[in-house]
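Visitor: Okay, here's the structure, questions in a sec.
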Amino acid sequence: MASIRDRGKGTFQMIFTYGKKEDGKPKQYTNTFHHPSGISSSDAKNDALDFATKWEHSVKTSDRYDPTRTVKDIIELYLQKGIKKLKENTLASYICQFKKRIIPAFGNYIAIQLTPSHINEYQIGRAHV
């Protein structure tokens with residue numbers, strides 16, 4: 001369970017340890033919860049506890065928002081976790097498309113920075129090949 005520290009004015013800091021870094025040290029996660037003003041401190045604390053529980057679960061299930069995740073990272077996660085119901089030929093086709101087209105064109109983009117104009121430029125460039 002995450003430890004929660006009241007930082008005042010409806011702000012709570014949450015910290016918990018889960019897993020290990022590459023160097024073998026424990027991996028620590030932190031997050032901050034900002035509660036809207038106008039409610040009692042006990043209600044704010046309860047809301048922070050609810051938020052911390054959901055946040056910790058999302059980290060442990062790798063269902064976590066990561067603003068630094070690249071398109072290649074997302075493809076790798078998909079290939080590890082999201083392909084359980086695909087038939088063998090479909091999976092082989094997807095992997096081929098990822099390796100041949102998607103990763104070379106977009107793999108290093110931060111996923112949240114990829115825009116429709118990037119995709120349009122890619123499509124226009126491919127039309128002339």
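Residue names in the structure tokens use chain letters A, B, ... in the order shown, residue numbers from 1 in each chain, and ligand numbers from 1 in the order shown.
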Could you write out, as a ChimeraX atom specification, all the residues of chain A that DSSP marks as alpha helix (DSSP H)?

Guide: /A:41-60,71-81,88-97,103-106,116-127

Visitor: Determine, using only C-alpha atoms, which residues of segment 50-103 of chain A have any atom at most 8 Å from an atom of segment 13-18 of chain A, and tabulate each with its shortest atom pair and distance in Å to one decimal place, rows ordered by chain and then rising number, as a tab-separated table.

Guide:
```
residue	atom	partner	partner_atom	distance
A:Ala52	CA	A:Met14	CA	6.7
A:Glu56	CA	A:Phe16	CA	7.7
A:Lys60	CA	A:Tyr18	CA	7.5
```

Visitor: Generate a file of the selected residues that holds C-alpha atoms, formatted as a PDB file, in the first residue's frame.

Guide:
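Result file follows (out.pdb):
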```pdb
ATOM      1  CA  ALA A  52      -3.680   5.940  -4.282  1.00  0.00           C
ATOM      2  CA  GLU A  56      -0.936   1.663  -7.318  1.00  0.00           C
ATOM      3  CA  LYS A  60       1.364  -2.893 -10.898  1.00  0.00           C
TER       4      LYS A  60
END
```

Visitor: Hey, what's within 9 Å of His34 of chain A if we count only C-alpha atoms and toss same-chain stuff fewer than 4 positions away? As a PyMOL selection string, please?

Guide: chain A and resi 9-13+48

Visitor: Which of these, A:Val71, A:Ile4, A:Ala92, A:Leu86, has the shortest distance to Gln113 of chain A once you count only C-alpha atoms?

Guide: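 For Gln113 of chain A, the nearest of the given residues is A:Val71.
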
Visitor: Find, counting only C-alpha atoms, the residue in A:Ala44, A:Val59, A:Ile39, A:Ile103 that gets nearest to Lys27 of chain A.

Guide: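 Between A:Ala44, A:Val59, A:Ile39, A:Ile103, the residue approaching Lys27 of chain A most closely is A:Val59.
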